[in-house]
Structures are given as C-alpha cells and as structure tokens.
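Have a look at protein_35.cif below; it lists mmCIF, C-alpha atoms.
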```
data_protein
loop_
_atom_site.group_PDB
_atom_site.id
_atom_site.type_symbol
_atom_site.label_atom_id
_atom_site.label_comp_id
_atom_site.auth_asym_id
_atom_site.auth_seq_id
_atom_site.Cartn_x
_atom_site.Cartn_y
_atom_site.Cartn_z
ATOM 1 C CA MET A 292 184.284 106.360 123.678
ATOM 2 C CA ILE A 293 187.516 108.117 124.555
ATOM 3 C CA ILE A 294 185.728 111.483 124.370
ATOM 4 C CA VAL A 295 183.088 110.370 126.894
ATOM 5 C CA SER A 296 185.799 108.962 129.168
ATOM 6 C CA LEU A 297 187.757 112.217 128.909
ATOM 7 C CA ILE A 298 184.704 114.320 129.778
ATOM 8 C CA ILE A 299 183.732 112.152 132.756
ATOM 9 C CA ASN A 300 187.285 111.991 134.123
ATOM 10 C CA THR A 301 187.783 115.729 133.723
ATOM 11 C CA LEU A 302 184.480 116.547 135.439
ATOM 12 C CA ILE A 303 185.238 114.254 138.361
ATOM 13 C CA ILE A 304 188.735 115.697 138.832
ATOM 14 C CA PHE A 305 187.379 119.236 138.460
ATOM 15 C CA LEU A 306 184.774 118.633 141.163
ATOM 16 C CA VAL A 307 187.224 116.941 143.524
ATOM 17 C CA LEU A 308 189.795 119.719 143.235
ATOM 18 C CA ASN A 309 187.364 122.653 143.275
ATOM 19 C CA ILE A 310 184.456 121.620 145.512
ATOM 20 C CA GLY A 311 185.870 123.478 148.523
ATOM 21 C CA TYR A 312 186.492 126.627 146.496
ATOM 22 C CA ILE A 313 182.988 126.521 144.995
ATOM 23 C CA LYS A 314 181.396 126.147 148.466
ATOM 24 C CA LYS A 315 183.437 129.012 149.906
ATOM 25 C CA LYS A 316 182.680 131.232 146.901
ATOM 26 C CA ARG A 317 178.925 130.594 147.282
ATOM 27 C CA GLU A 318 179.006 131.396 150.998
ATOM 28 C CA ASP A 319 181.153 134.502 150.592
ATOM 29 C CA PRO A 320 181.013 136.241 147.172
ATOM 30 C CA ASN A 321 183.993 138.392 148.240
ATOM 31 C CA TYR A 322 186.197 135.302 148.587
ATOM 32 C CA PRO A 323 189.287 135.788 146.372
ATOM 33 C CA ASP A 324 189.131 134.303 142.900
ATOM 34 C CA LYS A 325 191.136 131.199 142.162
ATOM 35 C CA PRO A 326 193.585 131.567 139.264
ATOM 36 C CA PHE A 327 192.250 130.206 135.959
ATOM 37 C CA SER A 328 195.209 127.856 135.627
ATOM 38 C CA LYS A 329 194.421 126.211 138.972
ATOM 39 C CA LEU A 330 190.667 126.346 138.466
ATOM 40 C CA VAL A 331 190.370 124.919 134.942
ATOM 41 C CA ILE A 332 193.663 124.073 133.262
ATOM 42 C CA PHE A 333 195.128 121.867 136.024
ATOM 43 C CA PRO A 334 192.013 119.626 136.334
ATOM 44 C CA LEU A 335 191.777 119.465 132.535
ATOM 45 C CA ALA A 336 195.421 118.394 132.259
ATOM 46 C CA LEU A 337 194.961 115.768 134.969
ATOM 47 C CA GLY A 338 191.818 114.481 133.220
ATOM 48 C CA ILE A 339 193.687 114.158 129.918
ATOM 49 C CA VAL A 340 196.635 112.354 131.503
ATOM 50 C CA PHE A 341 194.385 110.004 133.482
ATOM 51 C CA THR A 342 192.318 109.191 130.385
ATOM 52 C CA LEU A 343 195.432 108.448 128.327
ATOM 53 C CA ILE A 344 196.847 106.194 131.033
ATOM 54 C CA VAL A 345 193.596 104.264 131.512
ATOM 55 C CA ASP A 346 193.032 103.832 127.773
ATOM 56 C CA GLY A 347 196.663 102.800 127.379
ATOM 57 C CA PHE A 348 196.130 100.047 129.934
ATOM 58 C CA LYS A 349 192.984 98.971 128.083
ATOM 59 C CA GLY A 350 195.044 98.694 124.901
ATOM 60 C CA VAL A 351 197.710 96.648 126.673
ATOM 61 C CA MET A 352 195.046 94.347 128.105
ATOM 62 C CA ILE A 353 193.518 93.761 124.654
ATOM 63 C CA TYR A 354 197.005 93.092 123.249
ATOM 64 C CA GLN A 355 197.681 90.564 126.038
ATOM 65 C CA LEU A 356 194.335 88.852 125.431
ATOM 66 C CA ALA A 357 195.144 88.589 121.724
ATOM 67 C CA LEU A 358 198.553 87.057 122.514
ATOM 68 C CA PHE A 359 196.919 84.626 124.952
ATOM 69 C CA ALA A 360 194.352 83.592 122.328
ATOM 70 C CA ALA A 361 197.105 83.065 119.738
ATOM 71 C CA ALA A 362 199.157 80.987 122.188
ATOM 72 C CA ALA A 363 196.082 78.955 123.183
ATOM 73 C CA LEU A 364 195.261 78.226 119.535
ATOM 74 C CA LEU A 365 198.870 77.234 118.840
ATOM 75 C CA LEU A 366 198.978 74.892 121.850
ATOM 76 C CA TYR A 367 195.607 73.394 120.908
ATOM 77 C CA TRP A 368 196.851 72.775 117.386
ATOM 78 C CA ILE A 369 200.086 71.177 118.657
ATOM 79 C CA PHE A 370 198.522 68.939 121.324
ATOM 80 C CA TYR A 371 195.195 67.998 119.756
ATOM 81 C CA VAL A 372 195.611 68.263 116.006
ATOM 82 C CA LEU A 373 199.197 67.127 115.484
ATOM 83 C CA ALA A 374 199.261 64.611 118.359
ATOM 84 C CA THR A 375 196.225 62.578 117.321
ATOM 85 C CA PRO A 376 197.221 59.113 116.139
ATOM 86 C CA ARG A 377 196.265 58.372 112.572
#
```
Structure encoded using structure tokens:
Amino acid sequence: MIIVSLIINTLIIFLVLNIGYIKKKREDPNYPDKPFSKLVIFPLALGIVFTLIVDGFKGVMIYQLALFAAAALLLYWIFYVLATPR
C-alpha cells in the first residue's frame, strides 16, 4: 500500500510542479530544458517525504485507537465487572 501511495503522491507533485514547463515545452520545442534535479529529483523527494509523513500520521492514529480501546476495556472492566454487587 505504501508503494501505491508513494507513486500517486509523486505523480501528483510531479504534475503540479512541472505542468507549466510541459505546456511551454510543447508549444515551443526550443524552450530551454529544465535541469534534471528540478524536473525529476525534487518532485520525487517531495513525494517520498509527503508519503512518509502521511503514513507516519496513519501509524500514530492506529496507535491512539489501540490505546483508546485498551483504556475503554479497562474502564469497562472496572465499572461493570468489578462494581457489580454479588
């Protein structure tokens, strides 16, 4: 899943950063070339960083949900199992 997310994020960032250059290059083939680092490497790096940040937040959210479930089970056990009169 992380591979698909990385590919999608990188493609979106690539298109956003290079759409103007691609249009100008199609209209005028003599338009100066964009350096490879700005054309490919920068969008790829941004896609990798964005994917890592988003997946990191997903991991934190799952961790928080697990802690919430554990706390809910503990409170249920304290208030409903231990507190019932026998």
Worksheet item: At what distance in Å, to one decimal, does atom CA of Leu297 of chain A lie from atom CA of Phe348 of chain A?
Response: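 Between these atoms lies a distance of 14.8 Å.
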Worksheet item: Counting all atoms listed in the file, what is within 9 Å of segment 327-330 of chain A, bar same-chain residues fewer than 6 positions away, as a PyMOL selection string?
Response: chain A and resi 305+308-309
Discussion item. Report, in Å with one decimal, the straight-line distance from atom CA of Thr301 of chain A to atom CA of Val331 of chain A.
Written reply: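 Interatomic distance here is 9.6 Å.
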Worksheet item: Which residue out of A:Asn300, A:Ala363, A:Gln355, A:Ile294 has the minimum interatomic distance to Phe341 of chain A when only C-alpha atoms are used?
Response: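 Among the listed residues, the smallest separation from Phe341 of chain A belongs to A:Asn300.
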Fill in: Separation of atom CA of Ala357 of chain A from atom CA of Met292 of chain A, in Å and rounded to one decimal
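For atom CA of Ala357 of chain A relative to atom CA of Met292 of chain A, the distance reads 20.9 Å.
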Practice prompt. Do a neighbour search on Ile298 of chain A at 12 Å with all atoms listed in the file, toss out local chain neighbours closer than 6 positions, and write the hits as a list in words.
Written response: Met292, Ile304, Phe305, Pro334, Leu335, Ala336, Leu337, Gly338, Ile339, Phe341 and Thr342 of chain A
